[in-house]
Amino acid sequence: QRMSDSQQFADITGVDLATANLYMEMAGGNLDTAVAIFFDGGAPPQASAAPTTTRPNIEGYSLIWPDQSEGIKEAWLQGFVFSPEQGQRIGFLQPSNGPCGVLAAVNAVLVANCLKSVPGFGVDFEPTDTILAQALGDIIKKAKQPESRAYRVANWKGEIGLDIDLIDLQEEELYVHLEKNIEKFKARGGVVLFLYSVIFTRGIDQIRKDIALDSGEPPLVAGPNWLCTTDLLSLLLCGVAKGNVSNYDPIEGTKIDFPETLGVGLLSKIEVEVGVPISDSLKHPKYPVYVIHGGDHFTILFSLSGETPKEPGSTFTMYHWNGLAPLGPRMTPITVTAHKGVRNPAPIKHQATFYKPEEGEIDDVVQPDPKDKAARPKEWNTWNFEVVLAIDDPDVEGVPRPADVPAEPKFPQGEMIPGPWRCANCYRSRFQTYCFGQNESGTESCKFCGKRREEAGWSIWMHYSQLPNKIQQVVTRRNAPSIVSVLHTKWPSCHVTYEPKDQPPGC
């Protein structure tokens, strides 16, 4: 199992197998953790493929690409190529990691356009050159400032990946030119030609201003792994390089509006990890088409109907497309049962939501039952979990619970069960002592803190179905596939199914 996970890690990141083994060791054998470490902290120099071209002489190079780079990576020099396979012909293929944000944004706009204008549209629809040109043109058009005189479309001056010419066009010429030259965008280097067209239509100076307004910094493609930033994704979706895709101003905490997009939305695991909701307008777009941000990769999710139901208990089908190996190319039908309907719009001001735990509440989840996890590795909602109950601790601070916010369920400590036990007193102070309080069977006092078991308290085991909703969300966030956690940001606590059930869609 370790070797197969290492090979999968190598396929995702492009490192050699020896480096993959090192990351798997660092992550304790967990593939998702290893990938997160790689993309969050950067890879060793030998793990990052060298650029295949010399550095192009173009205006604003350091605004677009990592400044220390000497040329554009081959992974970015791909074209817009649709899958030839039946049942997924609407999706772009992605041979290598890197330009997923650009591909996902164009793919999402293209799907939204098809929902709007193609009768009987489905996943096996084969887009024409006209439809691809329309999507590219819509994004370029959105980026143009009102006072600008022309749209600026890029063309390779000579060798692909090096210098470019810019052709100034009026609106009536833009779509005609794109369709006439569509093979250049489908061929090697086409993604970068399109990206340059959007950037130079918006303007280098204006993009710098866009980024600065959200206190961000260039480049649009960042880090040693050349990944799309949210500034770049926003530029493609709404025409403004806006790095803050949340509902709130990061300093004032007041609610802000996100610029109007081309009818598509965004759902992101960042909301799960940081706790700040994605903009309401991105979560509720005009068409049921979303760019999905799983943390280190962008994919798309869409419905073939005009909209998804909002009523609690509704069941509907979405389609997830991932064009990147090894988890793709794959079009996955996903059945969503939205027990609680859709998430309400965010409040006017961001509110702190950590309330001081009351005695008897679940304070923390220690771990899932290893036996359950081994027997049913993808079915986290069938596992038992070890939890520690809260006590009235004067050292713990939190916002007082408002009168109109229901209290969390309380649970009894219960009877002492023979066998190994975990000291709750030690576990609560683990961040100070690095002691997790595990005691051997037959002991009546904790070997670490010296307290008797009845005084210190002990952890208890509960089935997922017994956990309060808030704690179910915690264990889902920790253990469920990323696609489930992301969908919960729009449809809270929804039930998600796909086939095969042990192969979740990669996002």
# chains A, B, ... in the order shown; residues from 1 in each chain; ligands from 1
>>> residues_around(residues="range 162-170 of chain A", least_positions_apart="6", cutoff="8 Å", atoms="only C-alpha atoms", output="PyMOL selection string")
chain A and resi 53-58+71+149-156+197
>>> select_by_dssp(residues="range 120-349 of chain A", states="strand (DSSP E or B)", output="PDB file with C-alpha atoms, in the first residue's frame")
ATOM      1  CA  TYR A 151      -9.038  43.763 -26.982  1.00  0.00           C
ATOM      2  CA  ARG A 152      -5.468  42.495 -27.180  1.00  0.00           C
ATOM      3  CA  VAL A 153      -5.001  38.945 -28.470  1.00  0.00           C
ATOM      4  CA  ALA A 154      -1.600  37.272 -28.267  1.00  0.00           C
ATOM      5  CA  ASN A 155       0.202  35.354 -30.996  1.00  0.00           C
ATOM      6  CA  TRP A 156       3.580  33.608 -30.857  1.00  0.00           C
ATOM      7  CA  ILE A 164       4.635  37.324 -28.526  1.00  0.00           C
ATOM      8  CA  ASP A 165       2.906  39.842 -30.774  1.00  0.00           C
ATOM      9  CA  LEU A 166      -0.318  41.520 -29.634  1.00  0.00           C
ATOM     10  CA  ILE A 167      -3.148  42.117 -32.096  1.00  0.00           C
ATOM     11  CA  ASP A 168      -5.617  44.886 -31.216  1.00  0.00           C
ATOM     12  CA  LEU A 169      -9.220  44.022 -32.081  1.00  0.00           C
ATOM     13  CA  VAL A 221       1.195  31.957 -11.136  1.00  0.00           C
ATOM     14  CA  ALA A 222       2.987  31.312  -7.864  1.00  0.00           C
ATOM     15  CA  LEU A 227       0.105  26.973  -9.373  1.00  0.00           C
ATOM     16  CA  CYS A 228      -2.787  29.314 -10.194  1.00  0.00           C
ATOM     17  CA  SER A 246     -14.488  35.455   0.681  1.00  0.00           C
ATOM     18  CA  TYR A 248     -15.642  39.673   4.104  1.00  0.00           C
ATOM     19  CA  THR A 254     -17.583  43.696   6.953  1.00  0.00           C
ATOM     20  CA  LYS A 255     -19.390  41.978   4.108  1.00  0.00           C
ATOM     21  CA  GLY A 265     -19.369  30.055  -9.221  1.00  0.00           C
ATOM     22  CA  LEU A 266     -16.636  28.786  -6.940  1.00  0.00           C
ATOM     23  CA  LEU A 267     -16.671  26.299  -4.057  1.00  0.00           C
ATOM     24  CA  SER A 268     -13.438  25.917  -2.128  1.00  0.00           C
ATOM     25  CA  ILE A 278     -16.721  32.049   0.099  1.00  0.00           C
ATOM     26  CA  VAL A 289     -21.649  25.480 -12.739  1.00  0.00           C
ATOM     27  CA  TYR A 290     -18.766  25.712 -10.263  1.00  0.00           C
ATOM     28  CA  VAL A 291     -15.017  25.770 -10.281  1.00  0.00           C
ATOM     29  CA  ILE A 292     -14.047  23.413  -7.446  1.00  0.00           C
ATOM     30  CA  HIS A 293     -10.918  24.238  -5.450  1.00  0.00           C
ATOM     31  CA  PHE A 298      -9.017  23.101  -9.649  1.00  0.00           C
ATOM     32  CA  THR A 299     -11.766  21.027 -11.286  1.00  0.00           C
ATOM     33  CA  ILE A 300     -15.376  21.715 -12.321  1.00  0.00           C
ATOM     34  CA  LEU A 301     -18.809  20.624 -11.089  1.00  0.00           C
ATOM     35  CA  PHE A 302     -22.086  21.234 -12.905  1.00  0.00           C
ATOM     36  CA  SER A 314     -33.963  17.463  -2.344  1.00  0.00           C
ATOM     37  CA  THR A 315     -31.943  14.903  -4.291  1.00  0.00           C
ATOM     38  CA  PHE A 316     -30.230  15.839  -7.539  1.00  0.00           C
ATOM     39  CA  THR A 317     -27.334  14.856  -9.783  1.00  0.00           C
ATOM     40  CA  MET A 318     -24.176  16.864 -10.427  1.00  0.00           C
ATOM     41  CA  TYR A 319     -21.277  15.999 -12.723  1.00  0.00           C
ATOM     42  CA  HIS A 320     -17.656  16.392 -11.661  1.00  0.00           C
ATOM     43  CA  TRP A 321     -14.866  16.626 -14.226  1.00  0.00           C
ATOM     44  CA  ASN A 322     -11.183  16.129 -13.460  1.00  0.00           C
ATOM     45  CA  LEU A 324      -5.635  15.402 -14.579  1.00  0.00           C
ATOM     46  CA  ARG A 330     -12.793  11.149 -15.205  1.00  0.00           C
ATOM     47  CA  MET A 331     -16.377  12.383 -15.432  1.00  0.00           C
ATOM     48  CA  THR A 332     -18.183  11.373 -12.244  1.00  0.00           C
ATOM     49  CA  PRO A 333     -21.949  11.611 -11.700  1.00  0.00           C
ATOM     50  CA  ILE A 334     -22.512  12.642  -8.071  1.00  0.00           C
ATOM     51  CA  THR A 335     -25.843  12.241  -6.307  1.00  0.00           C
ATOM     52  CA  VAL A 336     -26.427  14.914  -3.677  1.00  0.00           C
ATOM     53  CA  THR A 337     -29.177  14.665  -1.064  1.00  0.00           C
ATOM     54  CA  ALA A 338     -29.402  18.091   0.540  1.00  0.00           C
ATOM     55  CA  LYS A 349     -20.451  41.058   9.573  1.00  0.00           C
TER      56      LYS A 349
END
>>> atom_distance(atom1="CA of Ala104 in chain A", atom2="CA of Phe82 in chain A")
12.2 Å
>>> residues_around(residues="Phe436 in chain A", least_positions_apart="4", cutoff="12 Å", atoms="only C-alpha atoms", output="list in words")
Val366, Gln367, Val388, Trp421, Arg422, Cys423, Ala424, Asn425, Cys426, Tyr427, Arg428, Ser429, Arg430, Phe431, Gln432, Cys446, Lys447, Phe448, Cys449, Trp458 and Ser459 of chain A
>>> write_last_selection(atoms="C-alpha atoms", output="PDB file, in the first residue's frame")
ATOM      1  CA  VAL A 366      -9.197  12.159  19.374  1.00  0.00           C
ATOM      2  CA  GLN A 367      -9.280   9.615  16.558  1.00  0.00           C
ATOM      3  CA  VAL A 388     -13.073  13.771  25.129  1.00  0.00           C
ATOM      4  CA  TRP A 421      -7.817   4.190  28.835  1.00  0.00           C
ATOM      5  CA  ARG A 422      -6.911   7.750  27.929  1.00  0.00           C
ATOM      6  CA  CYS A 423      -6.634  10.400  30.645  1.00  0.00           C
ATOM      7  CA  ALA A 424      -8.937  13.282  29.690  1.00  0.00           C
ATOM      8  CA  ASN A 425      -7.047  15.685  31.934  1.00  0.00           C
ATOM      9  CA  CYS A 426      -3.762  15.008  30.119  1.00  0.00           C
ATOM     10  CA  TYR A 427      -5.350  15.097  26.686  1.00  0.00           C
ATOM     11  CA  ARG A 428      -6.837  18.565  27.289  1.00  0.00           C
ATOM     12  CA  SER A 429      -3.346  19.930  28.063  1.00  0.00           C
ATOM     13  CA  ARG A 430      -1.559  18.027  25.268  1.00  0.00           C
ATOM     14  CA  PHE A 431      -0.432  21.171  23.463  1.00  0.00           C
ATOM     15  CA  GLN A 432       1.491  22.297  26.528  1.00  0.00           C
ATOM     16  CA  CYS A 446      -2.847   8.242  35.320  1.00  0.00           C
ATOM     17  CA  LYS A 447       0.860   7.485  35.054  1.00  0.00           C
ATOM     18  CA  PHE A 448       1.472  11.002  33.689  1.00  0.00           C
ATOM     19  CA  CYS A 449      -0.491  13.436  35.865  1.00  0.00           C
ATOM     20  CA  TRP A 458     -11.397   9.497  30.405  1.00  0.00           C
ATOM     21  CA  SER A 459     -12.174   9.465  26.718  1.00  0.00           C
TER      22      SER A 459
END
>>> residues_around(residues="Leu327 in chain A", least_positions_apart="6", cutoff="9 Å", atoms="only C-alpha atoms", output="mmCIF file with N, CA, C and O atoms, in the first residue's frame")
data_model
loop_
_atom_site.group_PDB
_atom_site.id
_atom_site.type_symbol
_atom_site.label_atom_id
_atom_site.label_comp_id
_atom_site.auth_asym_id
_atom_site.auth_seq_id
_atom_site.Cartn_x
_atom_site.Cartn_y
_atom_site.Cartn_z
ATOM 1 N N GLN A 8 1.467 7.093 -6.565
ATOM 2 C CA GLN A 8 0.388 8.040 -6.840
ATOM 3 C C GLN A 8 0.844 9.461 -6.517
ATOM 4 O O GLN A 8 0.569 10.405 -7.266
ATOM 5 N N ILE A 12 1.084 12.650 -9.128
ATOM 6 C CA ILE A 12 0.410 13.931 -8.904
ATOM 7 C C ILE A 12 1.393 15.093 -8.965
ATOM 8 O O ILE A 12 1.113 16.142 -9.549
ATOM 9 N N GLN A 503 -13.823 5.075 -4.699
ATOM 10 C CA GLN A 503 -12.978 5.907 -5.543
ATOM 11 C C GLN A 503 -13.587 7.305 -5.681
ATOM 12 O O GLN A 503 -14.221 7.638 -6.674
ATOM 13 N N PRO A 504 -13.423 8.138 -4.657
ATOM 14 C CA PRO A 504 -14.013 9.481 -4.712
ATOM 15 C C PRO A 504 -13.402 10.312 -5.830
ATOM 16 O O PRO A 504 -12.227 10.123 -6.182
ATOM 17 N N PRO A 505 -14.167 11.225 -6.401
ATOM 18 C CA PRO A 505 -13.608 12.101 -7.430
ATOM 19 C C PRO A 505 -12.473 12.938 -6.859
ATOM 20 O O PRO A 505 -12.577 13.478 -5.763
ATOM 21 N N GLY A 506 -11.388 13.062 -7.581
ATOM 22 C CA GLY A 506 -10.246 13.854 -7.124
ATOM 23 C C GLY A 506 -10.449 15.325 -7.424
ATOM 24 O O GLY A 506 -10.738 15.713 -8.538
ATOM 25 N N CYS A 507 -10.322 16.148 -6.386
ATOM 26 C CA CYS A 507 -10.454 17.599 -6.597
ATOM 27 C C CYS A 507 -9.363 18.340 -5.842
ATOM 28 O O CYS A 507 -9.397 19.524 -5.699
#
>>> atom_distance(atom1="CA of Arg343 in chain A", atom2="CA of Thr261 in chain A")
20.1 Å
>>> atom_distance(atom1="CA of Trp226 in chain A", atom2="CA of Ile204 in chain A")
19.4 Å
>>> residues_around(residues="Lys340 in chain A", least_positions_apart="2", cutoff="12 Å", atoms="only C-alpha atoms", output="ChimeraX atom specification")
/A:309-315,336-338,342-344,469,488-495
>>> write_last_selection(atoms="C-alpha atoms", output="PDB file, in the first residue's frame")
ATOM      1  CA  PRO A 309     -33.271  22.452  -5.970  1.00  0.00           C
ATOM      2  CA  LYS A 310     -33.155  24.572  -2.820  1.00  0.00           C
ATOM      3  CA  GLU A 311     -35.703  22.694  -0.716  1.00  0.00           C
ATOM      4  CA  PRO A 312     -34.426  20.612   2.229  1.00  0.00           C
ATOM      5  CA  GLY A 313     -34.415  16.915   1.397  1.00  0.00           C
ATOM      6  CA  SER A 314     -33.963  17.463  -2.344  1.00  0.00           C
ATOM      7  CA  THR A 315     -31.943  14.903  -4.291  1.00  0.00           C
ATOM      8  CA  VAL A 336     -26.427  14.914  -3.677  1.00  0.00           C
ATOM      9  CA  THR A 337     -29.177  14.665  -1.064  1.00  0.00           C
ATOM     10  CA  ALA A 338     -29.402  18.091   0.540  1.00  0.00           C
ATOM     11  CA  VAL A 342     -28.689  25.259   0.700  1.00  0.00           C
ATOM     12  CA  ARG A 343     -26.567  27.292   3.077  1.00  0.00           C
ATOM     13  CA  ASN A 344     -28.051  30.683   3.949  1.00  0.00           C
ATOM     14  CA  ASN A 469     -24.059  17.796  13.957  1.00  0.00           C
ATOM     15  CA  HIS A 488     -20.895  20.761   2.394  1.00  0.00           C
ATOM     16  CA  THR A 489     -19.970  24.439   2.043  1.00  0.00           C
ATOM     17  CA  LYS A 490     -23.001  24.934  -0.224  1.00  0.00           C
ATOM     18  CA  TRP A 491     -25.285  22.087   0.921  1.00  0.00           C
ATOM     19  CA  PRO A 492     -24.566  21.628   4.672  1.00  0.00           C
ATOM     20  CA  SER A 493     -24.431  18.014   5.887  1.00  0.00           C
ATOM     21  CA  CYS A 494     -25.578  16.760   2.472  1.00  0.00           C
ATOM     22  CA  HIS A 495     -25.248  13.073   1.640  1.00  0.00           C
TER      23      HIS A 495
END
>>> residues_around(residues="range 361-363 of chain A", least_positions_apart="4", cutoff="6 Å", atoms="only C-alpha atoms", output="ChimeraX atom specification")
/A:388-390,410
>>> write_last_selection(atoms="C-alpha atoms", output="short mmCIF file (atom, residue, chain, number, x, y, z; two decimals), in the first residue's frame")
data_model
loop_
_atom_site.label_atom_id
_atom_site.label_comp_id
_atom_site.auth_asym_id
_atom_site.auth_seq_id
_atom_site.Cartn_x
_atom_site.Cartn_y
_atom_site.Cartn_z
CA VAL A 388 -13.07 13.77 25.13
CA LEU A 389 -15.78 15.65 27.02
CA ALA A 390 -15.42 19.27 28.11
CA LYS A 410 -24.32 17.09 26.74
#
>>> residues_around(residues="Ala143 in chain A", least_positions_apart="5", cutoff="9 Å", atoms="only C-alpha atoms", output="ChimeraX atom specification")
/A:138,151,198-199,201-203,235-240
>>> write_last_selection(atoms="C-alpha atoms", output="mmCIF file, in the first residue's frame")
data_model
loop_
_atom_site.group_PDB
_atom_site.id
_atom_site.type_symbol
_atom_site.label_atom_id
_atom_site.label_comp_id
_atom_site.auth_asym_id
_atom_site.auth_seq_id
_atom_site.Cartn_x
_atom_site.Cartn_y
_atom_site.Cartn_z
ATOM 1 C CA ASP A 138 -16.273 35.965 -23.252
ATOM 2 C CA TYR A 151 -9.038 43.763 -26.982
ATOM 3 C CA VAL A 198 -6.655 38.179 -20.960
ATOM 4 C CA ILE A 199 -3.769 39.814 -19.083
ATOM 5 C CA THR A 201 -6.481 43.162 -22.439
ATOM 6 C CA ARG A 202 -6.874 43.992 -18.752
ATOM 7 C CA GLY A 203 -3.503 45.759 -18.672
ATOM 8 C CA LEU A 235 -9.347 37.556 -13.342
ATOM 9 C CA LEU A 236 -10.710 34.769 -15.539
ATOM 10 C CA LEU A 237 -14.119 34.531 -13.871
ATOM 11 C CA CYS A 238 -14.969 38.204 -13.348
ATOM 12 C CA GLY A 239 -12.311 40.219 -15.178
ATOM 13 C CA VAL A 240 -10.649 41.545 -11.998
#
